[in-house]
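Visitor: PDB, C-alpha atoms, saved as structure-v6.pdb, coming up:
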```pdb
ATOM      1  CA  MET A   3       0.000   0.000   0.000
ATOM      2  CA  LYS A   4       2.901   2.304   0.739
ATOM      3  CA  LEU A   5       4.412   1.961  -2.714
ATOM      4  CA  PRO A   6       1.328   3.204  -4.665
ATOM      5  CA  LEU A   7       0.992   6.082  -2.204
ATOM      6  CA  PHE A   8       4.657   7.020  -2.620
ATOM      7  CA  ALA A   9       4.335   6.799  -6.407
ATOM      8  CA  SER A  10       1.297   9.084  -6.321
ATOM      9  CA  PHE A  11       3.246  11.553  -4.218
ATOM     10  CA  ILE A  12       6.121  11.530  -6.709
ATOM     11  CA  VAL A  13       3.719  12.097  -9.612
ATOM     12  CA  PHE A  14       2.132  14.972  -7.719
ATOM     13  CA  CYS A  15       5.520  16.576  -7.041
ATOM     14  CA  VAL A  16       6.490  16.255 -10.696
ATOM     15  CA  TRP A  17       3.184  17.844 -11.736
ATOM     16  CA  VAL A  18       3.641  20.753  -9.295
ATOM     17  CA  SER A  19       7.200  21.282 -10.496
ATOM     18  CA  TYR A  20       6.011  21.311 -14.106
ATOM     19  CA  GLN A  21       3.252  23.827 -13.361
ATOM     20  CA  LEU A  22       5.630  26.129 -11.479
ATOM     21  CA  LYS A  23       8.147  25.999 -14.312
ATOM     22  CA  ARG A  24       5.409  26.685 -16.835
ATOM     23  CA  GLN A  25       4.197  29.670 -14.813
ATOM     24  CA  ARG A  26       7.725  31.078 -14.472
ATOM     25  CA  THR A  27       8.250  30.736 -18.216
ATOM     26  CA  LYS A  28       4.978  32.534 -18.896
ATOM     27  CA  GLU A  29       5.868  35.347 -16.496
ATOM     28  CA  ALA A  30       9.320  35.678 -18.048
ATOM     29  CA  ARG A  31       7.800  36.019 -21.513
ATOM     30  CA  LEU A  32       5.359  38.645 -20.276
ATOM     31  CA  ASP A  33       8.191  40.487 -18.566
ATOM     32  CA  ASP A  34      10.305  40.408 -21.713
ATOM     33  CA  SER A  35       7.329  41.596 -23.768
ATOM     34  CA  TYR A  36       6.692  44.484 -21.371
ATOM     35  CA  TRP A  37      10.283  45.698 -21.419
ATOM     36  CA  ALA A  38      10.441  45.368 -25.198
ATOM     37  CA  ARG A  39       7.320  47.568 -25.535
ATOM     38  CA  GLU A  40       8.674  50.020 -22.973
ATOM     39  CA  ALA A  41      11.987  50.296 -24.820
ATOM     40  CA  ALA A  42      10.154  50.911 -28.091
ATOM     41  CA  ALA A  43       7.901  53.464 -26.377
ATOM     42  CA  ASN A  44      10.848  55.369 -24.952
ATOM     43  CA  ASN A  45      12.288  55.704 -28.450
ATOM     44  CA  THR A  46       9.055  56.875 -30.068
ATOM     45  CA  ARG A  47       9.283  60.376 -31.454
ATOM     46  CA  LYS A  48       6.672  63.051 -30.841
ATOM     47  CA  LYS A  49       3.562  62.544 -32.960
ATOM     48  CA  PRO A  50       0.580  64.782 -33.790
ATOM     49  CA  LEU A  51      -2.357  64.753 -31.391
ATOM     50  CA  ASP A  52      -4.892  65.045 -34.198
ATOM     51  CA  ASP A  53      -7.021  62.126 -33.006
ATOM     52  CA  VAL A  54      -7.188  63.239 -29.363
ATOM     53  CA  GLU A  55     -10.765  64.070 -28.332
ATOM     54  CA  TYR A  56     -10.716  67.081 -26.030
ATOM     55  CA  ILE A  57     -13.665  67.562 -23.699
ATOM     56  CA  THR A  58     -15.391  70.911 -23.354
ATOM     57  CA  ILE A  59     -17.555  71.579 -20.307
ATOM     58  CA  PRO A  60     -20.922  72.994 -21.523
ATOM     59  CA  PHE A  61     -21.505  75.555 -18.786
ATOM     60  CA  ASP A  62     -24.446  77.131 -20.632
ATOM     61  CA  PHE A  63     -26.163  73.733 -20.702
ATOM     62  CA  LEU A  64     -25.436  72.628 -17.141
ATOM     63  CA  PRO A  65     -27.623  73.772 -14.181
ATOM     64  CA  MET A  66     -25.107  76.236 -12.727
ATOM     65  CA  HIS A  67     -27.792  78.258 -10.922
ATOM     66  CA  THR A  68     -29.454  75.378  -9.071
ATOM     67  CA  LEU A  69     -28.488  75.445  -5.376
ATOM     68  CA  ALA A  70     -25.568  77.695  -6.246
ATOM     69  CA  GLU A  71     -25.681  79.100  -2.709
ATOM     70  CA  ASP A  72     -25.002  75.652  -1.185
ATOM     71  CA  ASN A  73     -21.381  75.344  -0.038
ATOM     72  CA  LYS A  74     -20.857  71.808  -1.365
ATOM     73  CA  VAL A  75     -22.410  72.657  -4.705
ATOM     74  CA  ALA A  76     -20.309  75.822  -4.864
ATOM     75  CA  GLU A  77     -17.173  73.716  -4.346
ATOM     76  CA  CYS A  78     -18.142  71.605  -7.349
ATOM     77  CA  HIS A  79     -18.672  74.779  -9.383
ATOM     78  CA  GLN A  80     -15.234  76.069  -8.406
ATOM     79  CA  ILE A  81     -13.531  72.872  -9.538
ATOM     80  CA  LEU A  82     -15.376  72.880 -12.855
ATOM     81  CA  LEU A  83     -14.629  76.559 -13.447
ATOM     82  CA  SER A  84     -10.948  75.909 -12.753
ATOM     83  CA  LEU A  85     -11.036  73.426 -15.629
ATOM     84  CA  ARG A  86     -12.790  75.813 -18.033
ATOM     85  CA  ASP A  87      -9.712  76.809 -20.036
ATOM     86  CA  GLN A  88      -7.750  73.598 -19.497
ATOM     87  CA  LYS A  89      -7.217  70.720 -21.901
ATOM     88  CA  ILE A  90      -9.214  67.694 -20.753
ATOM     89  CA  VAL A  91      -8.956  64.207 -22.253
ATOM     90  CA  ASN A  92     -10.352  60.864 -21.128
ATOM     91  CA  LEU A  93      -7.470  58.388 -21.445
ATOM     92  CA  THR A  94      -8.904  55.730 -19.149
ATOM     93  CA  GLY A  95      -7.478  52.289 -19.863
ATOM     94  CA  LEU A  96      -4.313  53.532 -21.565
ATOM     95  CA  THR A  97      -0.979  53.027 -19.807
ATOM     96  CA  ASN A  98       1.981  55.384 -20.036
ATOM     97  CA  THR A  99       3.592  52.871 -22.377
ATOM     98  CA  ASP A 100       0.503  52.931 -24.605
ATOM     99  CA  LEU A 101       0.563  56.724 -24.704
ATOM    100  CA  LYS A 102       4.276  56.908 -25.518
ATOM    101  CA  LEU A 103       3.915  54.391 -28.333
ATOM    102  CA  ARG A 104       0.924  56.223 -29.773
ATOM    103  CA  TYR A 105       1.988  59.853 -29.314
ATOM    104  CA  GLY A 106       5.671  59.862 -28.431
ATOM    105  CA  VAL A 107       7.581  60.404 -25.188
ATOM    106  CA  ALA A 108       7.488  64.195 -25.524
ATOM    107  CA  ASN A 109       3.687  64.241 -25.270
ATOM    108  CA  LEU A 110       3.427  62.017 -22.184
ATOM    109  CA  ASN A 111       3.412  64.699 -19.477
ATOM    110  CA  PHE A 112       0.897  66.816 -21.367
ATOM    111  CA  LEU A 113      -1.448  63.882 -21.875
ATOM    112  CA  ALA A 114      -1.065  62.734 -18.273
ATOM    113  CA  ASP A 115      -2.114  66.204 -17.114
ATOM    114  CA  CYS A 116      -5.099  66.119 -19.470
ATOM    115  CA  ASP A 117      -6.169  62.760 -18.078
ATOM    116  CA  GLN A 118      -5.736  63.909 -14.478
ATOM    117  CA  ARG A 119      -8.072  66.815 -15.196
ATOM    118  CA  TYR A 120     -10.582  64.375 -16.652
ATOM    119  CA  THR A 121     -10.492  62.311 -13.475
ATOM    120  CA  SER A 122     -11.234  65.476 -11.498
ATOM    121  CA  LEU A 123     -14.067  66.333 -13.900
ATOM    122  CA  ALA A 124     -15.703  62.884 -13.718
ATOM    123  CA  ARG A 125     -15.599  62.761  -9.929
ATOM    124  CA  THR A 126     -16.875  66.307  -9.563
ATOM    125  CA  LEU A 127     -19.793  65.717 -11.939
ATOM    126  CA  GLN A 128     -20.840  62.667  -9.931
ATOM    127  CA  LYS A 129     -20.637  64.541  -6.622
ATOM    128  CA  TRP A 130     -22.550  67.514  -8.019
ATOM    129  CA  ALA A 131     -25.288  65.345  -9.510
ATOM    130  CA  SER A 132     -25.689  63.444  -6.249
ATOM    131  CA  LEU A 133     -26.053  66.670  -4.276
ATOM    132  CA  LEU A 134     -28.785  67.957  -6.580
ATOM    133  CA  TYR A 135     -30.548  64.598  -6.709
ATOM    134  CA  GLU A 136     -30.613  64.305  -2.920
ATOM    135  CA  ALA A 137     -32.042  67.836  -2.742
ATOM    136  CA  GLY A 138     -34.886  66.870  -5.097
ATOM    137  CA  TYR A 139     -33.573  68.403  -8.328
ATOM    138  CA  THR A 140     -33.835  65.209 -10.358
ATOM    139  CA  ASP A 141     -33.951  66.783 -13.830
ATOM    140  CA  ASP A 142     -30.842  68.858 -13.154
ATOM    141  CA  ALA A 143     -29.026  65.830 -11.753
ATOM    142  CA  LYS A 144     -30.000  63.876 -14.860
ATOM    143  CA  THR A 145     -28.579  66.597 -17.106
ATOM    144  CA  ILE A 146     -25.230  66.427 -15.309
ATOM    145  CA  LEU A 147     -25.117  62.636 -15.340
ATOM    146  CA  GLU A 148     -25.947  62.441 -19.041
ATOM    147  CA  PHE A 149     -23.086  64.810 -19.811
ATOM    148  CA  ALA A 150     -20.763  62.685 -17.678
ATOM    149  CA  VAL A 151     -21.794  59.541 -19.557
ATOM    150  CA  SER A 152     -21.238  61.311 -22.886
ATOM    151  CA  THR A 153     -17.575  61.690 -21.892
ATOM    152  CA  LYS A 154     -17.397  57.900 -21.321
ATOM    153  CA  THR A 155     -16.842  58.174 -17.604
ATOM    154  CA  ASP A 156     -16.148  54.927 -15.747
ATOM    155  CA  VAL A 157     -17.531  56.141 -12.407
ATOM    156  CA  SER A 158     -19.934  53.301 -11.637
ATOM    157  CA  SER A 159     -22.134  55.406  -9.341
ATOM    158  CA  THR A 160     -22.850  57.744 -12.261
ATOM    159  CA  TYR A 161     -24.395  54.902 -14.252
ATOM    160  CA  ALA A 162     -26.171  53.519 -11.184
ATOM    161  CA  LEU A 163     -27.818  56.846 -10.335
ATOM    162  CA  LEU A 164     -28.758  57.681 -13.915
ATOM    163  CA  SER A 165     -30.269  54.245 -14.504
ATOM    164  CA  ASP A 166     -32.216  54.624 -11.250
ATOM    165  CA  ILE A 167     -33.590  57.970 -12.441
ATOM    166  CA  TYR A 168     -34.574  56.498 -15.807
ATOM    167  CA  LYS A 169     -36.324  53.629 -14.074
ATOM    168  CA  LYS A 170     -38.283  55.893 -11.729
ATOM    169  CA  GLU A 171     -39.339  58.075 -14.655
ATOM    170  CA  GLY A 172     -40.546  55.092 -16.672
ATOM    171  CA  GLN A 173     -37.690  55.367 -19.180
ATOM    172  CA  SER A 174     -36.165  51.941 -18.665
ATOM    173  CA  ASP A 175     -35.530  51.700 -22.415
ATOM    174  CA  LYS A 176     -32.811  54.342 -21.995
ATOM    175  CA  ILE A 177     -30.880  51.938 -19.795
ATOM    176  CA  GLU A 178     -30.220  49.907 -22.947
ATOM    177  CA  SER A 179     -28.418  52.918 -24.411
ATOM    178  CA  LEU A 180     -26.364  53.228 -21.242
ATOM    179  CA  LEU A 181     -25.516  49.547 -21.479
ATOM    180  CA  GLN A 182     -24.233  49.961 -25.032
ATOM    181  CA  ILE A 183     -21.983  52.809 -23.890
ATOM    182  CA  ALA A 184     -20.748  50.788 -20.921
ATOM    183  CA  GLU A 185     -19.923  47.781 -23.091
ATOM    184  CA  GLY A 186     -17.653  50.028 -25.165
ATOM    185  CA  LEU A 187     -15.683  51.381 -22.210
ATOM    186  CA  ASN A 188     -11.933  50.809 -22.042
ATOM    187  CA  SER A 189     -11.825  50.448 -18.275
ATOM    188  CA  ALA A 190     -11.332  47.887 -15.541
ATOM    189  CA  MET A 191     -14.679  49.102 -14.189
ATOM    190  CA  LYS A 192     -16.514  47.949 -17.322
ATOM    191  CA  PRO A 193     -17.733  44.573 -15.925
ATOM    192  CA  THR A 194     -19.057  46.244 -12.772
ATOM    193  CA  ILE A 195     -20.889  48.950 -14.694
ATOM    194  CA  VAL A 196     -22.350  46.460 -17.172
ATOM    195  CA  ARG A 197     -23.595  44.296 -14.305
ATOM    196  CA  ILE A 198     -25.219  47.296 -12.589
ATOM    197  CA  LEU A 199     -27.052  48.246 -15.767
ATOM    198  CA  GLN A 200     -28.095  44.687 -16.568
ATOM    199  CA  GLU A 201     -29.601  44.394 -13.095
ATOM    200  CA  SER A 202     -31.410  47.710 -13.619
ATOM    201  CA  GLY A 203     -32.699  46.890 -17.101
ATOM    202  CA  PRO A 204     -36.332  46.505 -18.256
ATOM    203  CA  CYS A 205     -36.248  42.753 -17.737
ATOM    204  CA  ASN A 206     -35.707  43.348 -14.029
ATOM    205  CA  ASP A 207     -38.604  45.756 -13.541
TER     206      ASP A 207
END
```
Kindly present the structure from the file in structure tokens form.
Guide:
Amino acid sequence: MKLPLFASFIVFCVWVSYQLKRQRTKEARLDDSYWAREAAANNTRKKPLDDVEYITIPFDFLPMHTLAEDNKVAECHQILLSLRDQKIVNLTGLTNTDLKLRYGVANLNFLADCDQRYTSLARTLQKWASLLYEAGYTDDAKTILEFAVSTKTDVSSTYALLSDIYKKEGQSDKIESLLQIAEGLNSAMKPTIVRILQESGPCND
């Protein structure tokens, strides 16, 4: 009885050793691939930014006068106004290596700044919309959220709140449009957002 057990143990050890070696080989290949891309990226010359989609904040369209006297709302306004004349770009899902390969090393800092401003914009829009929604200004909150979604934000609470508004207003069909946008996101948050919208869809009324 001991011999079969010992043989099984040996087989198991060989299998574990094989799997570990296979995993190390895979990791080494990925590592080599990463450094090869990084080296190529660092040697990429500056390229035109013709295909970059800059985001403009539509102040005339947004409900800037609603609850403007509220301190928290005013803080949101201040952040948005500080971004008025700045370049804003949503680069969610793109790494620094991706950006260098696509636009050149010389453009990296500029694009990183643009993306940082977008992050500030997306978070501020969500906070602002939530404040107005909680105060009973549903239509104004919806306007803000719809603008945020148009910029392809990946803030999951933006989609959750907007889908909730649509549902309460009997516009569940609009959740399908949100779902299509979510499925096209280049973000790690995509599965979460898609799940939220699927659970909020017409079939779950």
Visitor: Neighbours of Leu164 in chain A within 10 Å (all atoms listed in the file; same-chain residues fewer than 6 positions away dropped), as a list in words?
Guide: Ala131, Thr140, Ala143, Lys144, Thr145, Ile146, Leu147, Glu148, Val151, Lys170, Lys176, Ile177, Leu180 and Leu199 of chain A
Visitor: Just checking: using all atoms listed in the file, which residue out of A:Ile57, A:Tyr168, A:Ala124, A:Asn73 ends up closest to Asp141 in chain A?
Guide: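 The shortest atom-to-atom distance to Asp141 in chain A comes from A:Tyr168.
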Visitor: Name the residues that the PyMOL selection byres ((chain A and resi 102) around 10) picks from the file above, as a list in words, using the file's chain letters and numbers.
Guide: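 Taken over the shown coordinates, the PyMOL selection byres ((chain A and resi 102) around 10) returns Arg39, Glu40, Ala42, Ala43, Asn44, Asn45, Thr46, Arg47, Lys48, Lys49, Thr97, Asn98, Thr99, Asp100, Leu101, Leu103, Arg104, Tyr105, Gly106, Val107, Ala108, Asn109, Leu110, Asn111 and Leu113 of chain A.
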Visitor: Choose the residue, out of A:Thr155, A:Thr68, A:Asn188, A:Ser165, that has the smallest atom-to-atom separation from Leu134 in chain A; count all atoms listed in the file.
Guide: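 Using all atoms listed in the file, the shortest distance to Leu134 in chain A belongs to A:Thr68.
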Visitor: Would you kindly translate the PyMOL selection byres ((chain A and resi 187) around 9) into the concrete residues it picks from this file, as a ChimeraX atom specification?
Guide: /A:94-95,154-156,183-186,188-192
Visitor: So, counting only C-alpha atoms, which residue among A:Gln182, A:Ser152, A:Thr126, A:Asn92 is closest to Cys78 in chain A?
Guide: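 So, comparing all the options, the nearest one is A:Thr126.
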Visitor: Rounded to one decimal in Å, what is the spacing between CA of Tyr139 in chain A and CA of Lys169 in chain A?
Guide: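 CA of Lys169 in chain A lies 16.1 Å from CA of Tyr139 in chain A.
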Visitor: Report, in Å with one decimal, the straight-line distance from CA of Leu69 in chain A to CA of Asp117 in chain A.
Guide: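 Going from CA of Leu69 in chain A over to CA of Asp117 in chain A, I get 28.6 Å.
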Visitor: Just want the 12 Å neighbourhood of Gln88 in chain A, counted on only C-alpha atoms, with same-chain residues fewer than 6 positions away dropped. Output as a VMD selection string.
Guide: chain A and resid 56 to 59 81 to 82 112 to 113 115 to 120 122 to 123
Visitor: CA of Val196 in chain A and CA of Leu181 in chain A, how far apart in Å?
Guide: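 Atom-to-atom, CA of Leu181 in chain A to CA of Val196 in chain A, that is 6.2 Å.
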Visitor: List, as a PyMOL selection string, every residue that the PyMOL selection byres ((chain A and resi 160) around 8) selects in the file provided.
Guide: chain A and resi 128+147+150-151+157-159+161-164
